[in-house]
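Chemist: The structure under discussion is supplied below as structure tokens; questions concerning it will follow.
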Amino acid sequence: MGAMSVRNQSSGPSEDRGTSHAHDAAGKHRAGFACFVGRPNAGKSTLTNALVGQKVAITANQPQTTRHTVRGIVHRPDAQLILVDTPGLHKPRTLLGERLNDIVRTTWAEVDVIGFCLPANEKLGPGDRFIAKELASIKKTPKIAIVTKTDLVDSKTLAEQLIAIDQLGRELGFEWAEIVPVSAVGDKQVGLLADLIVPLLPEGPALYPEGDLTDEPEQVMIAELIREAALEGVRDELPHSIAVVVEEMLPREDRPADKPLLDIHAFVYIERPSQKGIIIGPKGKRLKDVGIKSRKQIEALLGTPVFLDLHVKVAKDWQRDPRQLRKLGF
């Protein structure tokens with residue numbers, strides 16, 4: 001097997017995140033960017049959330065939900081790790097697909113570390129090879145293989161997966177900086193993963209203030225929460241032909257200071273008139289539920305009461321139209 005290094009440490013009930021190395025040997029502080037890549041559903045967003053310790057990326061049980069670059073920030077005494085969440089790389093079928101892929105490649109070339117997420121419970125497939133080939137072409141950036149969802153397999157299956165991943169790197173002519181099995185759900189080895197990424201970051205001061213968890217503008221996060229709620233239960237019919245734009249957010253006037261209310265006006269864009277009924281539901285019930293659900297999440301995010309005004313609009317074939325794509329933020 002050669003000199004493959006797999007990092008494993010016995011973990012107690014839950015590891016203490018981010019305190020194991022107060023500073024590296026020379027007391028240098030590091031700061032930099034990492035991104036997690038992998039097939040849809042490889043556990044990228046769940047891992048981001050586990051590292052940051054708060055829900056930032058939008059997780060869902062269906063692929064293609066993280067559209068915008070959502071960054072989570074891991075603050076540690078010795079380092080600041082900024083996680084850039086790229087959309088999944090896939091074989092493009094539309095102009096939107098091509099544009100998303102370009103964003104992915106540009107991001108990969110700009111970050112300090114790439115973490116390739118591979119679920120422990122699925123054998124390596126053509127999708128993984130497609131991504132690994134792309135990774136092999138990015139020479140300078142160190143690549144860590146992160147084996148996710150280890151809570152779902154026995155040790156024999158895990159060992160086979162680790163060997164297969166090691167060989168995949170060799171076949172494509174590069175060596176993984178590390179191969180780390182983790183379970184974000186069980187919080188196993190998540191702290192260790194951060195410990196292994198930090199030394200690969202450049203030395204430097206923190207790039208973001210201590211309190212920041214994400215630098216995503218609030219409007220984009222709000223749009224994602226609405227989109228997530230709108231997709232729930234109808235993904236098969238509308239996989240990703242929904243875009244949400246928050247048109248305006250204004251504090252309601254003449255409210256007492258201790259009882260503020262934020263008015264949010266948002267549009268849910270779909271591609272065809274026939275999809276309108278699916279989103280709105282019989283007698284508008286579905287849209288109302290979407291509003292209630294996303295409003296609760298938005299209030300939790302902003303910490304203030306919200307009045308959410310939702311409208312559904314048809315933007316014909318927006319995924320194929322460059323003008324619409326720009327307007328909808330892609």
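Each chain in the structure tokens gets a letter, A, B and so on, in the order shown; residues start at 1 in every chain, and ligands are counted from 1 in the order they appear.
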Applying 8 Å and only C-alpha atoms, which residues near range 110-123 of chain A remain after dropping the ones on its own chain fewer than 4 positions away? List them as a ChimeraX atom specification.
Modeler: /A:32-39,42-44,106,128,141-150,152-153,157-158,161,197,200-202
Chemist: When distances are computed from only C-alpha atoms, which of A:Glu171, A:Glu218, A:Asp254, A:Asp195 shows the smallest separation from Lys133 in chain A?
Modeler: A:Glu171
Chemist: Please provide the set of residues having any atom within 8 Å of Ala50 in chain A, restricted to only C-alpha atoms, with same-chain residues fewer than 4 positions apart removed, written as a ChimeraX atom specification.
Modeler: /A:46,54,184-185,187,190
Chemist: Keeping C-alpha atoms, export the residues of the selection given above as a PDB file, in the first residue's frame.
Modeler:
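Output (part_8.pdb):
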```pdb
ATOM      1  CA  THR A  46     -23.204  18.921   6.803  1.00  0.00           C
ATOM      2  CA  GLN A  54     -23.908  26.510  13.286  1.00  0.00           C
ATOM      3  CA  ALA A 184     -20.133  14.995  10.918  1.00  0.00           C
ATOM      4  CA  VAL A 185     -23.377  13.598  12.309  1.00  0.00           C
ATOM      5  CA  ASP A 187     -19.089  14.587  15.498  1.00  0.00           C
ATOM      6  CA  VAL A 190     -14.323  16.773  12.916  1.00  0.00           C
TER       7      VAL A 190
END
```
Chemist: What residues in range 53-213 of chain A get the DSSP label strand (DSSP E or B)? Please answer as a PDB file with N, CA and C atoms, in the first residue's frame.
Modeler:
```pdb
ATOM      1  N   VAL A  70     -21.465  29.897  -0.105  1.00  0.00           N
ATOM      2  CA  VAL A  70     -21.758  30.163   1.300  1.00  0.00           C
ATOM      3  C   VAL A  70     -20.489  29.871   2.062  1.00  0.00           C
ATOM      4  N   ARG A  71     -19.976  30.824   2.794  1.00  0.00           N
ATOM      5  CA  ARG A  71     -18.746  30.585   3.520  1.00  0.00           C
ATOM      6  C   ARG A  71     -19.033  30.427   4.996  1.00  0.00           C
ATOM      7  N   GLY A  72     -18.493  29.382   5.577  1.00  0.00           N
ATOM      8  CA  GLY A  72     -18.535  29.254   7.029  1.00  0.00           C
ATOM      9  C   GLY A  72     -17.150  29.593   7.532  1.00  0.00           C
ATOM     10  N   ILE A  73     -17.061  30.192   8.716  1.00  0.00           N
ATOM     11  CA  ILE A  73     -15.762  30.595   9.237  1.00  0.00           C
ATOM     12  C   ILE A  73     -15.487  29.869  10.554  1.00  0.00           C
ATOM     13  N   VAL A  74     -14.367  29.151  10.599  1.00  0.00           N
ATOM     14  CA  VAL A  74     -13.978  28.447  11.812  1.00  0.00           C
ATOM     15  C   VAL A  74     -12.935  29.304  12.531  1.00  0.00           C
ATOM     16  N   HIS A  75     -13.310  29.809  13.716  1.00  0.00           N
ATOM     17  CA  HIS A  75     -12.373  30.648  14.487  1.00  0.00           C
ATOM     18  C   HIS A  75     -11.663  29.763  15.503  1.00  0.00           C
ATOM     19  N   ALA A  79      -5.722  29.835  14.416  1.00  0.00           N
ATOM     20  CA  ALA A  79      -5.998  29.955  12.986  1.00  0.00           C
ATOM     21  C   ALA A  79      -7.426  30.394  12.715  1.00  0.00           C
ATOM     22  N   GLN A  80      -7.600  30.874  11.484  1.00  0.00           N
ATOM     23  CA  GLN A  80      -8.955  31.126  11.014  1.00  0.00           C
ATOM     24  C   GLN A  80      -9.105  30.419   9.677  1.00  0.00           C
ATOM     25  N   LEU A  81     -10.088  29.537   9.634  1.00  0.00           N
ATOM     26  CA  LEU A  81     -10.316  28.754   8.423  1.00  0.00           C
ATOM     27  C   LEU A  81     -11.626  29.212   7.795  1.00  0.00           C
ATOM     28  N   ILE A  82     -11.552  29.673   6.558  1.00  0.00           N
ATOM     29  CA  ILE A  82     -12.758  30.146   5.876  1.00  0.00           C
ATOM     30  C   ILE A  82     -13.161  29.099   4.854  1.00  0.00           C
ATOM     31  N   LEU A  83     -14.370  28.574   5.009  1.00  0.00           N
ATOM     32  CA  LEU A  83     -14.845  27.501   4.137  1.00  0.00           C
ATOM     33  C   LEU A  83     -15.687  28.070   3.020  1.00  0.00           C
ATOM     34  N   VAL A  84     -15.284  27.770   1.804  1.00  0.00           N
ATOM     35  CA  VAL A  84     -16.004  28.251   0.644  1.00  0.00           C
ATOM     36  C   VAL A  84     -16.767  27.066   0.084  1.00  0.00           C
ATOM     37  N   ASP A  85     -18.070  27.188  -0.002  1.00  0.00           N
ATOM     38  CA  ASP A  85     -18.860  26.051  -0.452  1.00  0.00           C
ATOM     39  C   ASP A  85     -19.232  26.249  -1.920  1.00  0.00           C
ATOM     40  N   VAL A 113      -6.646  25.031   0.331  1.00  0.00           N
ATOM     41  CA  VAL A 113      -6.793  23.582   0.524  1.00  0.00           C
ATOM     42  C   VAL A 113      -8.108  23.138  -0.108  1.00  0.00           C
ATOM     43  N   ILE A 114      -8.087  21.958  -0.749  1.00  0.00           N
ATOM     44  CA  ILE A 114      -9.336  21.389  -1.260  1.00  0.00           C
ATOM     45  C   ILE A 114      -9.612  20.096  -0.503  1.00  0.00           C
ATOM     46  N   GLY A 115     -10.797  19.975   0.039  1.00  0.00           N
ATOM     47  CA  GLY A 115     -11.197  18.726   0.691  1.00  0.00           C
ATOM     48  C   GLY A 115     -12.176  17.996  -0.212  1.00  0.00           C
ATOM     49  N   PHE A 116     -11.816  16.787  -0.625  1.00  0.00           N
ATOM     50  CA  PHE A 116     -12.686  16.007  -1.530  1.00  0.00           C
ATOM     51  C   PHE A 116     -13.505  15.051  -0.666  1.00  0.00           C
ATOM     52  N   CYS A 117     -14.808  15.282  -0.599  1.00  0.00           N
ATOM     53  CA  CYS A 117     -15.684  14.461   0.250  1.00  0.00           C
ATOM     54  C   CYS A 117     -16.180  13.236  -0.505  1.00  0.00           C
ATOM     55  N   LEU A 118     -15.951  12.074   0.082  1.00  0.00           N
ATOM     56  CA  LEU A 118     -16.396  10.816  -0.530  1.00  0.00           C
ATOM     57  C   LEU A 118     -17.142  10.026   0.538  1.00  0.00           C
ATOM     58  N   PRO A 119     -18.425   9.728   0.316  1.00  0.00           N
ATOM     59  CA  PRO A 119     -19.169   9.007   1.341  1.00  0.00           C
ATOM     60  C   PRO A 119     -18.638   7.589   1.532  1.00  0.00           C
ATOM     61  N   LYS A 143      -4.559  18.617  -1.526  1.00  0.00           N
ATOM     62  CA  LYS A 143      -5.884  17.991  -1.558  1.00  0.00           C
ATOM     63  C   LYS A 143      -6.006  16.964  -0.431  1.00  0.00           C
ATOM     64  N   ILE A 144      -7.065  17.099   0.351  1.00  0.00           N
ATOM     65  CA  ILE A 144      -7.325  16.150   1.433  1.00  0.00           C
ATOM     66  C   ILE A 144      -8.535  15.310   1.026  1.00  0.00           C
ATOM     67  N   ALA A 145      -8.427  14.000   1.168  1.00  0.00           N
ATOM     68  CA  ALA A 145      -9.600  13.151   0.921  1.00  0.00           C
ATOM     69  C   ALA A 145     -10.330  12.974   2.251  1.00  0.00           C
ATOM     70  N   ILE A 146     -11.598  13.357   2.266  1.00  0.00           N
ATOM     71  CA  ILE A 146     -12.388  13.270   3.497  1.00  0.00           C
ATOM     72  C   ILE A 146     -13.458  12.205   3.297  1.00  0.00           C
ATOM     73  N   VAL A 147     -13.357  11.129   4.051  1.00  0.00           N
ATOM     74  CA  VAL A 147     -14.331  10.050   3.908  1.00  0.00           C
ATOM     75  C   VAL A 147     -15.461  10.330   4.889  1.00  0.00           C
ATOM     76  N   THR A 148     -16.625  10.711   4.342  1.00  0.00           N
ATOM     77  CA  THR A 148     -17.745  11.147   5.191  1.00  0.00           C
ATOM     78  C   THR A 148     -18.686   9.981   5.513  1.00  0.00           C
ATOM     79  N   GLU A 178      -3.684  14.269   2.962  1.00  0.00           N
ATOM     80  CA  GLU A 178      -4.196  13.462   4.076  1.00  0.00           C
ATOM     81  C   GLU A 178      -5.401  12.681   3.576  1.00  0.00           C
ATOM     82  N   ILE A 179      -5.687  11.549   4.243  1.00  0.00           N
ATOM     83  CA  ILE A 179      -6.964  10.857   4.024  1.00  0.00           C
ATOM     84  C   ILE A 179      -7.603  10.728   5.405  1.00  0.00           C
ATOM     85  N   VAL A 180      -8.740  11.373   5.592  1.00  0.00           N
ATOM     86  CA  VAL A 180      -9.345  11.447   6.932  1.00  0.00           C
ATOM     87  C   VAL A 180     -10.774  10.908   6.939  1.00  0.00           C
ATOM     88  N   PRO A 181     -11.052   9.863   7.730  1.00  0.00           N
ATOM     89  CA  PRO A 181     -12.441   9.434   7.891  1.00  0.00           C
ATOM     90  C   PRO A 181     -13.142  10.301   8.946  1.00  0.00           C
ATOM     91  N   SER A 183     -17.216  11.548  10.719  1.00  0.00           N
ATOM     92  CA  SER A 183     -18.674  11.496  10.739  1.00  0.00           C
ATOM     93  C   SER A 183     -19.143  12.809  11.323  1.00  0.00           C
ATOM     94  N   LYS A 188     -17.486  12.829  14.916  1.00  0.00           N
ATOM     95  CA  LYS A 188     -16.244  12.066  15.078  1.00  0.00           C
ATOM     96  C   LYS A 188     -15.175  12.626  14.148  1.00  0.00           C
ATOM     97  N   GLU A 203       0.537  31.566   6.691  1.00  0.00           N
ATOM     98  CA  GLU A 203       0.609  32.333   7.935  1.00  0.00           C
ATOM     99  C   GLU A 203       0.004  33.705   7.700  1.00  0.00           C
TER     100      GLU A 203
END
```
Chemist: So, with only C-alpha atoms as the atoms that count, which of A:Lys156, A:Arg129, A:Lys316, A:Lys139 lies closest to Leu168 in chain A?
Modeler: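 Counting only C-alpha atoms, the residue closest to Leu168 in chain A is A:Arg129.
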Chemist: So which residues of range 105-146 of chain A fall under helix (DSSP H, G or I) by DSSP, listed as a list in words?
Modeler: Arg105, Thr106, Thr107, Trp108, Ala109, Glu110, Pro126, Gly127, Asp128, Arg129, Phe130, Ile131, Ala132, Lys133, Glu134, Leu135 and Ala136 of chain A
Chemist: Next, write the just-selected residues to a file, as a PDB file, in the first residue's frame, keeping C-alpha atoms as the atom set.
Modeler:
```pdb
ATOM      1  CA  ARG A 105     -12.899  25.687 -11.225  1.00  0.00           C
ATOM      2  CA  THR A 106     -12.042  29.308 -10.469  1.00  0.00           C
ATOM      3  CA  THR A 107     -12.718  28.708  -6.778  1.00  0.00           C
ATOM      4  CA  TRP A 108     -10.540  25.586  -6.694  1.00  0.00           C
ATOM      5  CA  ALA A 109      -7.603  27.467  -8.156  1.00  0.00           C
ATOM      6  CA  GLU A 110      -7.930  30.248  -5.577  1.00  0.00           C
ATOM      7  CA  PRO A 126     -17.746   7.721 -12.427  1.00  0.00           C
ATOM      8  CA  GLY A 127     -18.846  10.986 -10.764  1.00  0.00           C
ATOM      9  CA  ASP A 128     -16.001  10.728  -8.241  1.00  0.00           C
ATOM     10  CA  ARG A 129     -13.483   9.979 -10.999  1.00  0.00           C
ATOM     11  CA  PHE A 130     -14.747  12.955 -13.003  1.00  0.00           C
ATOM     12  CA  ILE A 131     -14.077  15.266 -10.044  1.00  0.00           C
ATOM     13  CA  ALA A 132     -10.751  13.609  -9.119  1.00  0.00           C
ATOM     14  CA  LYS A 133      -9.523  14.100 -12.720  1.00  0.00           C
ATOM     15  CA  GLU A 134     -10.376  17.789 -12.509  1.00  0.00           C
ATOM     16  CA  LEU A 135      -8.574  17.973  -9.153  1.00  0.00           C
ATOM     17  CA  ALA A 136      -5.479  16.314 -10.618  1.00  0.00           C
TER      18      ALA A 136
END
```
Chemist: Please measure the separation of CA of Thr94 in chain A and CA of Pro322 in chain A, giving the value in Å to one decimal.
Modeler: 10.8 Å
Chemist: Using only C-alpha atoms, which of the listed residues (A:Leu287, A:Ile279, A:Leu262, A:Ala177) sits closest to Arg235 in chain A?
Modeler: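 Distance minimum relative to Arg235 in chain A lands on A:Ile279.
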Chemist: Looking at only C-alpha atoms, which of A:Leu238, A:Leu193, A:Val306, A:Val246 is the one that sits closest to Pro260 in chain A?
Modeler: A:Val306
Chemist: Give me the residues near Glu271 in chain A as a ChimeraX atom specification, where near means some atom within 10 Å (using only C-alpha atoms) and where sequence neighbours in that chain fewer than 3 positions away do not count.
Modeler: /A:238,240-243,274-276,313-319
Chemist: Kindly export the residues of the current selection with N, CA, C and O atoms, as an mmCIF file, in the first residue's frame.
Modeler:
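File produced: out.cif:
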```
data_model
loop_
_atom_site.group_PDB
_atom_site.id
_atom_site.type_symbol
_atom_site.label_atom_id
_atom_site.label_comp_id
_atom_site.auth_asym_id
_atom_site.auth_seq_id
_atom_site.Cartn_x
_atom_site.Cartn_y
_atom_site.Cartn_z
ATOM 1 N N LEU A 238 -39.968 19.840 -9.643
ATOM 2 C CA LEU A 238 -39.239 21.086 -9.939
ATOM 3 C C LEU A 238 -37.812 20.994 -9.418
ATOM 4 O O LEU A 238 -37.464 21.707 -8.500
ATOM 5 N N HIS A 240 -34.421 21.918 -10.050
ATOM 6 C CA HIS A 240 -33.922 23.231 -9.639
ATOM 7 C C HIS A 240 -34.360 24.337 -10.551
ATOM 8 O O HIS A 240 -33.614 25.216 -10.902
ATOM 9 N N SER A 241 -35.638 24.272 -10.945
ATOM 10 C CA SER A 241 -36.153 25.369 -11.760
ATOM 11 C C SER A 241 -36.831 26.413 -10.877
ATOM 12 O O SER A 241 -37.801 27.020 -11.261
ATOM 13 N N ILE A 242 -36.293 26.590 -9.671
ATOM 14 C CA ILE A 242 -36.811 27.647 -8.800
ATOM 15 C C ILE A 242 -35.645 28.564 -8.468
ATOM 16 O O ILE A 242 -34.567 28.094 -8.113
ATOM 17 N N ALA A 243 -35.867 29.865 -8.594
ATOM 18 C CA ALA A 243 -34.888 30.825 -8.089
ATOM 19 C C ALA A 243 -35.664 31.793 -7.201
ATOM 20 O O ALA A 243 -36.828 32.078 -7.464
ATOM 21 N N SER A 274 -47.117 26.317 -15.939
ATOM 22 C CA SER A 274 -47.672 25.070 -15.382
ATOM 23 C C SER A 274 -47.090 24.761 -13.998
ATOM 24 O O SER A 274 -47.670 24.012 -13.218
ATOM 25 N N GLN A 275 -45.917 25.358 -13.686
ATOM 26 C CA GLN A 275 -45.299 25.071 -12.385
ATOM 27 C C GLN A 275 -45.903 25.929 -11.275
ATOM 28 O O GLN A 275 -45.714 25.651 -10.094
ATOM 29 N N LYS A 276 -46.649 26.949 -11.693
ATOM 30 C CA LYS A 276 -47.195 27.887 -10.705
ATOM 31 C C LYS A 276 -48.122 27.172 -9.726
ATOM 32 O O LYS A 276 -48.033 27.353 -8.510
ATOM 33 N N LYS A 313 -43.567 34.253 -9.625
ATOM 34 C CA LYS A 313 -43.517 34.845 -10.968
ATOM 35 C C LYS A 313 -42.948 33.842 -11.954
ATOM 36 O O LYS A 313 -42.084 33.037 -11.600
ATOM 37 N N VAL A 314 -43.388 33.922 -13.198
ATOM 38 C CA VAL A 314 -42.832 33.053 -14.237
ATOM 39 C C VAL A 314 -41.732 33.832 -14.968
ATOM 40 O O VAL A 314 -41.956 34.935 -15.435
ATOM 41 N N ALA A 315 -40.523 33.267 -15.012
ATOM 42 C CA ALA A 315 -39.434 33.857 -15.802
ATOM 43 C C ALA A 315 -39.084 32.784 -16.823
ATOM 44 O O ALA A 315 -38.416 31.804 -16.500
ATOM 45 N N LYS A 316 -39.562 32.943 -18.035
ATOM 46 C CA LYS A 316 -39.491 31.861 -19.014
ATOM 47 C C LYS A 316 -38.076 31.329 -19.203
ATOM 48 O O LYS A 316 -37.161 32.070 -19.495
ATOM 49 N N ASP A 317 -37.921 30.004 -19.029
ATOM 50 C CA ASP A 317 -36.645 29.329 -19.278
ATOM 51 C C ASP A 317 -35.443 30.089 -18.730
ATOM 52 O O ASP A 317 -34.434 30.264 -19.415
ATOM 53 N N TRP A 318 -35.533 30.531 -17.462
ATOM 54 C CA TRP A 318 -34.453 31.373 -16.948
ATOM 55 C C TRP A 318 -33.105 30.670 -16.914
ATOM 56 O O TRP A 318 -32.066 31.298 -16.996
ATOM 57 N N GLN A 319 -33.110 29.321 -16.841
ATOM 58 C CA GLN A 319 -31.811 28.631 -16.749
ATOM 59 C C GLN A 319 -31.002 28.728 -18.038
ATOM 60 O O GLN A 319 -29.816 28.447 -18.046
#
```
Chemist: Name the residues in contact with Lys296 in chain A at a cut-off of 9 Å, using only C-alpha atoms, excluding same-chain residues fewer than 4 positions from it; report them as a JSON list (two decimals) with all heavy atoms, in the first residue's frame.
Modeler:
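This went into around.json:
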```
[["chain", "number", "residue", "atom", "x", "y", "z"],
["A", 291, "GLY", "N", -44.31, 30.03, 3.24],
["A", 291, "GLY", "CA", -44.11, 31.32, 3.91],
["A", 291, "GLY", "C", -43.93, 31.17, 5.40],
["A", 291, "GLY", "O", -43.00, 31.74, 6.00],
["A", 292, "ILE", "N", -44.79, 30.34, 6.03],
["A", 292, "ILE", "CA", -44.72, 30.15, 7.49],
["A", 292, "ILE", "C", -43.39, 29.51, 7.86],
["A", 292, "ILE", "O", -42.68, 29.95, 8.76],
["A", 292, "ILE", "CB", -45.91, 29.29, 7.99],
["A", 292, "ILE", "CG1", -47.22, 30.07, 7.82],
["A", 292, "ILE", "CG2", -45.71, 28.87, 9.43],
["A", 292, "ILE", "CD1", -48.48, 29.26, 7.99],
["A", 300, "ALA", "N", -35.21, 33.23, 13.01],
["A", 300, "ALA", "CA", -34.14, 32.63, 13.81],
["A", 300, "ALA", "C", -32.78, 33.15, 13.35],
["A", 300, "ALA", "O", -31.89, 33.42, 14.16],
["A", 300, "ALA", "CB", -34.19, 31.11, 13.70],
["A", 301, "LEU", "N", -32.62, 33.30, 12.03],
["A", 301, "LEU", "CA", -31.36, 33.78, 11.46],
["A", 301, "LEU", "C", -31.09, 35.23, 11.85],
["A", 301, "LEU", "O", -29.99, 35.60, 12.24],
["A", 301, "LEU", "CB", -31.40, 33.65, 9.93],
["A", 301, "LEU", "CG", -30.22, 34.20, 9.13],
["A", 301, "LEU", "CD1", -29.03, 33.26, 9.24],
["A", 301, "LEU", "CD2", -30.58, 34.41, 7.67],
["A", 305, "PRO", "N", -38.56, 39.79, 14.54],
["A", 305, "PRO", "CA", -39.81, 39.39, 13.89],
["A", 305, "PRO", "C", -39.86, 39.87, 12.44],
["A", 305, "PRO", "O", -39.37, 40.96, 12.12],
["A", 305, "PRO", "CB", -40.90, 40.07, 14.73],
["A", 305, "PRO", "CG", -40.25, 40.43, 16.01],
["A", 305, "PRO", "CD", -38.80, 40.66, 15.70],
["A", 306, "VAL", "N", -40.46, 39.05, 11.59],
["A", 306, "VAL", "CA", -40.45, 39.33, 10.16],
["A", 306, "VAL", "C", -41.85, 39.21, 9.58],
["A", 306, "VAL", "O", -42.62, 38.33, 9.97],
["A", 306, "VAL", "CB", -39.52, 38.29, 9.46],
["A", 306, "VAL", "CG1", -39.80, 38.21, 7.96],
["A", 306, "VAL", "CG2", -38.06, 38.63, 9.70]]
```
